[in-house]
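Student: The structure is given below, and queries will be raised subsequently.
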Amino acid sequence: GLGSVYLGLMTLLKLLLGVLLILSSPLLQAVCSPDQEPITVVLLLPLAEGSTPFGQSLLDGFIAADDEGVDSACEVNLRYLNTEEESTTFIQQWYRALELEPELLIGPLLEQHQQQLVDLSVIELPENTTWLYPGEPTHLPVSQSEQLLTFSISWREQLRNLLEYGWDQGQHDIVLLLPDSDLGRKIADATVLVWETKGGVVTAVAHYGKRFSTLNQAMRQLIRESRGSFDVLLTLANDQQLRMLRPLMSYHSREEPIYSLMPPVGERGLKKDLQEIYFPMHPALLERSDPGFEVDDFLLQVENVGFDLMMLTRTGEWQQLQKKGSYLGRSGRYTIEDRQLIRTFCIAVSDKKRPVLHWCPQSEEIQEFGL
């Protein structure tokens with residue numbers, strides 16, 4: 001009746017107002033003008049000594065991009081708050097961040113702080129704030145969900161890239177070889193959910209332990225449970241384990257490609273037994289004169305994300321992303337899909353000496369996966 005029509009119109013009006021609010025945000029203006037007020041960016045990061053180094057790496061990227069030469073750049077007021085400050089609580093730091101009324105709010109990175117936000121009765125954001133949240137938004141009590149964007153600097157982004165690439169290659173039947181740990185089980189659950197929703201088949205999952213002998217046991221389990229029918233093996237493994245996988249597969253007369261969530265680390269990791277191992281890498285890392293992956297590059301990957309987010313803000317490219325455009329940064333090609341800021345990486349393959357570029361995203365490509 002009339003009541004349902006009224007409710008439908010009000011819902012539509014609310015959606016339209018949400019879209020207008022986002023597009024009118026200073027963060028998402030297409031062109032920066034000289035008389036425009038500075039864009040305030042607030043970062044909520046773990047910066048305590050002895051804490052995870054990812055917070056400092058992300059901040060380093062923002063600071064580096066702030067010094068980068070940009071034509072007609074937006075003026076940015078960069079502020080950051082330590083979420084592990086001993087003299088206060090995280091929730092107090094959260095409300096301090098909101099009091100600054102930033103156009104762009106990023107964080108928090110740590111799961112325990114994200115959980116504290118989930119436990120709040122409601123989250124009210126300032127009117128012009130776009131919140132870039134590095135986690136799962138499912139249970140966040142945000143009253144203005146149209147002001148929320150999610151992104152990831154975790155294994156989920158590597159996994160999404162490998163699955164997207166594998167699907168495009170027609171490799172629809174996969175097996176998973178993962179650590180016997182909470183992380184290994186999280187990766188397995190996420191892969192099965194996304195892959196089977198897409199229409200693919202996870203034909204077997206096996207978890208290996210700390211002893212090297214468990215790798216062969218897990219490999220036998222995969223082949224037995226999949227009845228030998230799979231297109232690709234997806235794994236999370238360290239260098240020594242990665243070097244064992246290809247000989248193990250050869251021993252079992254298997255030649256399928258191996259997808260690794262992590263690249264082989266260091267020169268010695270690229271010398272043998274790593275044929276046809278594919279892994280995601282940032283474009284900026286592959287452009288170096290020596291594209292080998294070192295331990296420090298794990299932090300450099302996070303720094304690259306900070307650099308890109310600051311450059312998106314200084315160049316006024318956010319609105320282009322909002323309109324289904326894309327932005328090629330140091331850490332990949334950025335697009336926005338379903339309130340997610342997605343990064344598409346390059347895919348590299350190891351040869352005898354170094355990672356070799358196998359595929360990189362083009363500007364017109366918009367990704368369809370969500371993790």
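Ordered as shown in the structure tokens, chains take letters A, B, and onward, while each chain numbers its residues from 1 and ligands are numbered from 1 in the order shown.
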I need the helix (DSSP H, G or I) residues of segment 197-339 of chain A per DSSP on the backbone, written as a compact mmCIF listing (two decimals) with N, CA and C atoms, in the first residue's frame.

Tutor:
# COMPACT_ATOMS: atom_id res chain seq x y z
N THR A 197 31.75 -19.56 -4.01
CA THR A 197 30.74 -18.57 -4.40
C THR A 197 30.92 -18.17 -5.85
N LYS A 198 32.17 -18.08 -6.28
CA LYS A 198 32.48 -17.72 -7.67
C LYS A 198 32.10 -18.84 -8.64
N SER A 213 58.78 -33.28 7.30
CA SER A 213 58.15 -34.54 6.85
C SER A 213 56.65 -34.38 6.68
N THR A 214 56.06 -33.41 7.38
CA THR A 214 54.61 -33.24 7.27
C THR A 214 54.20 -32.65 5.91
N LEU A 215 55.15 -32.03 5.20
CA LEU A 215 54.84 -31.51 3.86
C LEU A 215 54.49 -32.65 2.91
N ASN A 216 55.30 -33.71 2.94
CA ASN A 216 55.03 -34.84 2.06
C ASN A 216 53.72 -35.52 2.44
N GLN A 217 53.45 -35.65 3.74
CA GLN A 217 52.18 -36.22 4.18
C GLN A 217 51.00 -35.39 3.68
N ALA A 218 51.14 -34.05 3.78
CA ALA A 218 50.06 -33.17 3.33
C ALA A 218 49.89 -33.26 1.82
N MET A 219 51.01 -33.37 1.09
CA MET A 219 50.93 -33.48 -0.36
C MET A 219 50.22 -34.77 -0.76
N ARG A 220 50.54 -35.86 -0.10
CA ARG A 220 49.86 -37.14 -0.38
C ARG A 220 48.36 -37.01 -0.10
N GLN A 221 48.03 -36.33 0.99
CA GLN A 221 46.62 -36.14 1.34
C GLN A 221 45.89 -35.36 0.25
N LEU A 222 46.53 -34.29 -0.25
CA LEU A 222 45.90 -33.49 -1.31
C LEU A 222 45.63 -34.31 -2.56
N ILE A 223 46.62 -35.08 -2.97
CA ILE A 223 46.47 -35.87 -4.20
C ILE A 223 45.41 -36.95 -4.01
N ARG A 224 45.39 -37.55 -2.81
CA ARG A 224 44.41 -38.61 -2.55
C ARG A 224 42.99 -38.04 -2.51
N GLU A 225 42.80 -36.94 -1.76
CA GLU A 225 41.45 -36.41 -1.58
C GLU A 225 40.93 -35.73 -2.85
N SER A 226 41.83 -35.17 -3.65
CA SER A 226 41.38 -34.54 -4.91
C SER A 226 41.29 -35.55 -6.04
N ASP A 239 60.60 -20.00 2.72
CA ASP A 239 61.52 -20.32 1.62
C ASP A 239 61.89 -21.80 1.55
N GLN A 240 62.28 -22.35 2.70
CA GLN A 240 62.70 -23.74 2.70
C GLN A 240 61.56 -24.67 2.27
N GLN A 241 60.38 -24.37 2.75
CA GLN A 241 59.22 -25.20 2.38
C GLN A 241 58.88 -25.03 0.91
N LEU A 242 58.96 -23.79 0.42
CA LEU A 242 58.69 -23.56 -1.01
C LEU A 242 59.64 -24.36 -1.89
N ARG A 243 60.93 -24.42 -1.48
CA ARG A 243 61.91 -25.14 -2.30
C ARG A 243 61.65 -26.64 -2.29
N MET A 244 60.92 -27.13 -1.30
CA MET A 244 60.61 -28.56 -1.24
C MET A 244 59.39 -28.93 -2.07
N LEU A 245 58.52 -27.94 -2.35
CA LEU A 245 57.23 -28.28 -2.96
C LEU A 245 57.36 -28.78 -4.39
N ARG A 246 58.18 -28.10 -5.21
CA ARG A 246 58.31 -28.54 -6.60
C ARG A 246 58.90 -29.94 -6.71
N PRO A 247 60.00 -30.25 -5.98
CA PRO A 247 60.49 -31.64 -6.02
C PRO A 247 59.45 -32.65 -5.52
N LEU A 248 58.68 -32.28 -4.49
CA LEU A 248 57.64 -33.19 -4.00
C LEU A 248 56.58 -33.43 -5.07
N MET A 249 56.17 -32.37 -5.74
CA MET A 249 55.18 -32.55 -6.79
C MET A 249 55.74 -33.39 -7.94
N SER A 250 57.00 -33.17 -8.28
CA SER A 250 57.62 -33.97 -9.34
C SER A 250 57.68 -35.44 -8.93
N TYR A 251 57.98 -35.68 -7.67
CA TYR A 251 58.03 -37.05 -7.15
C TYR A 251 56.68 -37.75 -7.33
N GLU A 267 68.26 -13.95 -2.44
CA GLU A 267 68.83 -14.54 -3.66
C GLU A 267 68.87 -16.05 -3.62
N ARG A 268 69.26 -16.60 -2.45
CA ARG A 268 69.40 -18.06 -2.40
C ARG A 268 68.08 -18.76 -2.62
N GLY A 269 66.97 -18.05 -2.35
CA GLY A 269 65.67 -18.66 -2.54
C GLY A 269 65.27 -18.79 -3.99
N LEU A 270 66.05 -18.19 -4.90
CA LEU A 270 65.64 -18.18 -6.30
C LEU A 270 66.54 -19.04 -7.18
N PRO A 283 53.99 -3.35 -8.32
CA PRO A 283 54.68 -2.86 -9.52
C PRO A 283 56.01 -2.18 -9.20
N ALA A 284 56.04 -1.36 -8.13
CA ALA A 284 57.26 -0.61 -7.80
C ALA A 284 58.42 -1.54 -7.45
N LEU A 285 58.13 -2.71 -6.87
CA LEU A 285 59.20 -3.64 -6.51
C LEU A 285 59.76 -4.33 -7.74
N LEU A 286 58.93 -4.57 -8.73
CA LEU A 286 59.39 -5.23 -9.95
C LEU A 286 60.14 -4.27 -10.87
N ASP A 297 61.46 -5.88 2.40
CA ASP A 297 60.43 -5.51 1.42
C ASP A 297 59.02 -5.75 1.95
N PHE A 298 58.86 -6.58 2.98
CA PHE A 298 57.54 -6.73 3.58
C PHE A 298 57.07 -5.39 4.15
N LEU A 299 57.98 -4.66 4.79
CA LEU A 299 57.65 -3.34 5.32
C LEU A 299 57.54 -2.32 4.20
N LEU A 300 58.36 -2.46 3.17
CA LEU A 300 58.30 -1.53 2.04
C LEU A 300 56.94 -1.63 1.34
N GLN A 301 56.36 -2.82 1.32
CA GLN A 301 55.03 -2.98 0.72
C GLN A 301 53.99 -2.14 1.47
N VAL A 302 54.08 -2.12 2.80
CA VAL A 302 53.15 -1.31 3.60
C VAL A 302 53.43 0.17 3.37
N GLU A 303 54.71 0.54 3.32
CA GLU A 303 55.08 1.93 3.05
C GLU A 303 54.53 2.39 1.70
N ASN A 304 54.58 1.50 0.71
CA ASN A 304 54.04 1.85 -0.61
C ASN A 304 52.55 2.19 -0.56
N VAL A 305 51.81 1.46 0.28
CA VAL A 305 50.38 1.74 0.43
C VAL A 305 50.18 3.13 1.01
N GLY A 306 50.94 3.47 2.05
CA GLY A 306 50.84 4.81 2.63
C GLY A 306 51.16 5.89 1.60
N PHE A 307 52.20 5.64 0.81
CA PHE A 307 52.59 6.60 -0.24
C PHE A 307 51.44 6.80 -1.23
N ASP A 308 50.84 5.70 -1.66
CA ASP A 308 49.75 5.78 -2.65
C ASP A 308 48.53 6.50 -2.10
N LEU A 309 48.17 6.22 -0.85
CA LEU A 309 46.99 6.86 -0.26
C LEU A 309 47.19 8.37 -0.14
N MET A 310 48.40 8.78 0.21
CA MET A 310 48.69 10.21 0.30
C MET A 310 48.68 10.85 -1.09
N MET A 311 49.21 10.16 -2.08
CA MET A 311 49.22 10.70 -3.44
C MET A 311 47.80 10.79 -4.00
N LEU A 312 46.96 9.82 -3.69
CA LEU A 312 45.55 9.90 -4.10
C LEU A 312 44.90 11.17 -3.55
N THR A 313 45.26 11.51 -2.32
CA THR A 313 44.68 12.68 -1.66
C THR A 313 45.25 13.97 -2.24
N ARG A 314 46.56 14.02 -2.42
CA ARG A 314 47.21 15.25 -2.91
C ARG A 314 46.86 15.54 -4.37
N TRP A 318 40.57 10.84 -5.77
CA TRP A 318 39.56 10.01 -5.12
C TRP A 318 38.23 10.01 -5.88
N GLN A 319 37.84 11.16 -6.42
CA GLN A 319 36.55 11.18 -7.12
C GLN A 319 36.59 10.33 -8.39
N GLN A 320 37.75 10.30 -9.05
CA GLN A 320 37.89 9.44 -10.23
C GLN A 320 37.68 7.97 -9.86
N LEU A 321 38.21 7.58 -8.72
CA LEU A 321 37.99 6.20 -8.25
C LEU A 321 36.51 5.96 -7.95
N GLN A 322 35.87 6.96 -7.33
CA GLN A 322 34.46 6.84 -6.99
C GLN A 322 33.60 6.64 -8.23

Student: As a list of chain:residue names, please: the residues near Thr138 of chain A (cut-off 12 Å, only C-alpha atoms, same-chain neighbours under 3 positions excluded).

Tutor: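 Near neighbours after the sequence-gap exclusion: A:Gln114, A:Gln115, A:Leu117, A:Val118, A:Tyr133, A:Gly135, A:Pro141, A:Val142, A:Ser145, A:Leu148, A:Thr150.
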
Student: Next, the residues of the selection above should be written as a CSV table (one decimal), in the first residue's frame with N, CA, C and O atoms.

Tutor:
chain,number,residue,atom,x,y,z
A,114,GLN,N,40.2,-2.6,16.6
A,114,GLN,CA,39.0,-2.8,15.8
A,114,GLN,C,37.9,-3.4,16.6
A,114,GLN,O,36.7,-3.0,16.4
A,115,GLN,N,38.2,-4.4,17.4
A,115,GLN,CA,37.2,-5.0,18.2
A,115,GLN,C,36.6,-4.0,19.2
A,115,GLN,O,35.4,-4.1,19.5
A,117,LEU,N,36.0,-0.9,18.7
A,117,LEU,CA,35.1,-0.1,17.9
A,117,LEU,C,33.8,-0.9,17.7
A,117,LEU,O,32.7,-0.4,17.7
A,118,VAL,N,34.0,-2.2,17.4
A,118,VAL,CA,32.8,-3.1,17.2
A,118,VAL,C,31.9,-3.1,18.5
A,118,VAL,O,30.7,-3.2,18.4
A,133,TYR,N,38.8,2.1,6.4
A,133,TYR,CA,38.9,1.1,7.6
A,133,TYR,C,39.7,-0.2,7.1
A,133,TYR,O,39.2,-0.9,6.2
A,135,GLY,N,39.9,-3.3,7.8
A,135,GLY,CA,39.4,-4.6,8.4
A,135,GLY,C,38.0,-5.0,7.8
A,135,GLY,O,37.6,-4.4,6.8
A,141,PRO,N,29.3,-0.7,14.2
A,141,PRO,CA,28.0,0.0,14.4
A,141,PRO,C,28.1,1.4,13.8
A,141,PRO,O,27.8,2.4,14.5
A,142,VAL,N,28.3,1.5,12.5
A,142,VAL,CA,28.5,2.9,11.9
A,142,VAL,C,27.1,3.3,11.4
A,142,VAL,O,26.4,2.7,10.7
A,145,SER,N,27.0,4.4,6.9
A,145,SER,CA,27.8,3.4,6.2
A,145,SER,C,28.3,4.0,4.9
A,145,SER,O,29.3,3.5,4.3
A,148,LEU,N,31.9,5.0,4.8
A,148,LEU,CA,32.9,4.0,5.1
A,148,LEU,C,33.5,3.3,3.8
A,148,LEU,O,32.7,2.9,3.0
A,150,THR,N,36.5,0.2,3.0
A,150,THR,CA,37.4,-0.7,3.6
A,150,THR,C,38.6,-1.0,2.7
A,150,THR,O,38.5,-0.8,1.4

Student: Show which residues sit within 9 Å of Glu127 of chain A, as a list in words. Count only C-alpha atoms, and ignore same-chain residues fewer than 2 positions away.

Tutor: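 Once the adjacent positions are removed, what remains is Leu21, Ser25, Glu101, Glu103, Glu124, Leu125, Thr129, Thr130, Gln144 and Gln147 of chain A.
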
Student: Take the residues just selected and output them with N, CA and C atoms as a PDB file, in the first residue's frame.

Tutor:
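again.pdb, written as the output of this step:
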ATOM      1  N   LEU A  21      26.489  13.064  -0.406  1.00  0.00           N
ATOM      2  CA  LEU A  21      27.380  13.398   0.705  1.00  0.00           C
ATOM      3  C   LEU A  21      28.809  12.979   0.389  1.00  0.00           C
ATOM      4  N   SER A  25      32.185  15.493  -0.483  1.00  0.00           N
ATOM      5  CA  SER A  25      33.258  15.513   0.491  1.00  0.00           C
ATOM      6  C   SER A  25      34.491  16.181  -0.100  1.00  0.00           C
ATOM      7  N   GLU A 101      37.911  16.324  13.007  1.00  0.00           N
ATOM      8  CA  GLU A 101      37.013  16.395  11.854  1.00  0.00           C
ATOM      9  C   GLU A 101      37.770  16.214  10.526  1.00  0.00           C
ATOM     10  N   GLU A 103      38.885  14.986   6.802  1.00  0.00           N
ATOM     11  CA  GLU A 103      38.238  14.551   5.561  1.00  0.00           C
ATOM     12  C   GLU A 103      38.547  13.082   5.292  1.00  0.00           C
ATOM     13  N   GLU A 124      29.448   7.508  15.323  1.00  0.00           N
ATOM     14  CA  GLU A 124      28.990   8.685  14.577  1.00  0.00           C
ATOM     15  C   GLU A 124      30.202   9.395  13.994  1.00  0.00           C
ATOM     16  N   LEU A 125      30.270   9.483  12.672  1.00  0.00           N
ATOM     17  CA  LEU A 125      31.388  10.152  12.013  1.00  0.00           C
ATOM     18  C   LEU A 125      31.043  11.608  11.728  1.00  0.00           C
ATOM     19  N   THR A 129      33.657  13.392   6.818  1.00  0.00           N
ATOM     20  CA  THR A 129      34.724  12.395   6.997  1.00  0.00           C
ATOM     21  C   THR A 129      34.473  11.153   6.152  1.00  0.00           C
ATOM     22  N   THR A 130      35.498  10.744   5.400  1.00  0.00           N
ATOM     23  CA  THR A 130      35.526   9.430   4.771  1.00  0.00           C
ATOM     24  C   THR A 130      36.457   8.564   5.606  1.00  0.00           C
ATOM     25  N   GLN A 144      26.586   5.997   9.532  1.00  0.00           N
ATOM     26  CA  GLN A 144      26.651   6.507   8.151  1.00  0.00           C
ATOM     27  C   GLN A 144      27.550   5.585   7.318  1.00  0.00           C
ATOM     28  N   GLN A 147      29.819   6.592   4.378  1.00  0.00           N
ATOM     29  CA  GLN A 147      31.086   7.284   4.599  1.00  0.00           C
ATOM     30  C   GLN A 147      32.235   6.314   4.880  1.00  0.00           C
TER      31      GLN A 147
END

Student: My list of candidates is A:Thr335, A:Gln36, A:Ser253, A:Thr89. Which is closest to Ala73 of chain A when distances are computed with only C-alpha atoms?

Tutor: A:Gln36

Student: Would you compute the distance between atom CA of His172 of chain A and atom CA of Phe345 of chain A? Give it in Å to one decimal.

Tutor: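 Atom-to-atom, atom CA of His172 of chain A and atom CA of Phe345 of chain A are spaced 20.0 Å apart.
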
Student: Find the spatial neighbours of Leu45 of chain A, counting only C-alpha atoms, within a cut-off of 10 Å - ignore same-chain residues fewer than 6 positions away - and output them as a VMD selection string.

Tutor: chain A and resid 52 to 59 80 to 84 106 to 110

Student: Just checking: using only C-alpha atoms, which residue out of A:His207, A:Arg160, A:Arg254, A:His139 ends up closest to Val194 of chain A?

Tutor: A:Arg160

Student: Please report the interatomic distance between atom CA of Ser72 of chain A and atom CA of Ile342 of chain A in Å with one decimal.

Tutor: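 Spanning atom CA of Ser72 of chain A to atom CA of Ile342 of chain A is a straight-line distance of 25.9 Å.
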
Student: For atom CA of Ala188 of chain A and atom CA of Pro361 of chain A, quote the distance in Å rounded to one decimal.

Tutor: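 We find that atom CA of Ala188 of chain A and atom CA of Pro361 of chain A lie 25.7 Å from each other.
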
Student: Could you tell me which of A:Leu341, A:Leu78, A:Ala64, A:Ile91 comes closest to Ser326 of chain A if we count only C-alpha atoms?

Tutor: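 Using only C-alpha atoms, Ser326 of chain A sits closest to A:Leu341.
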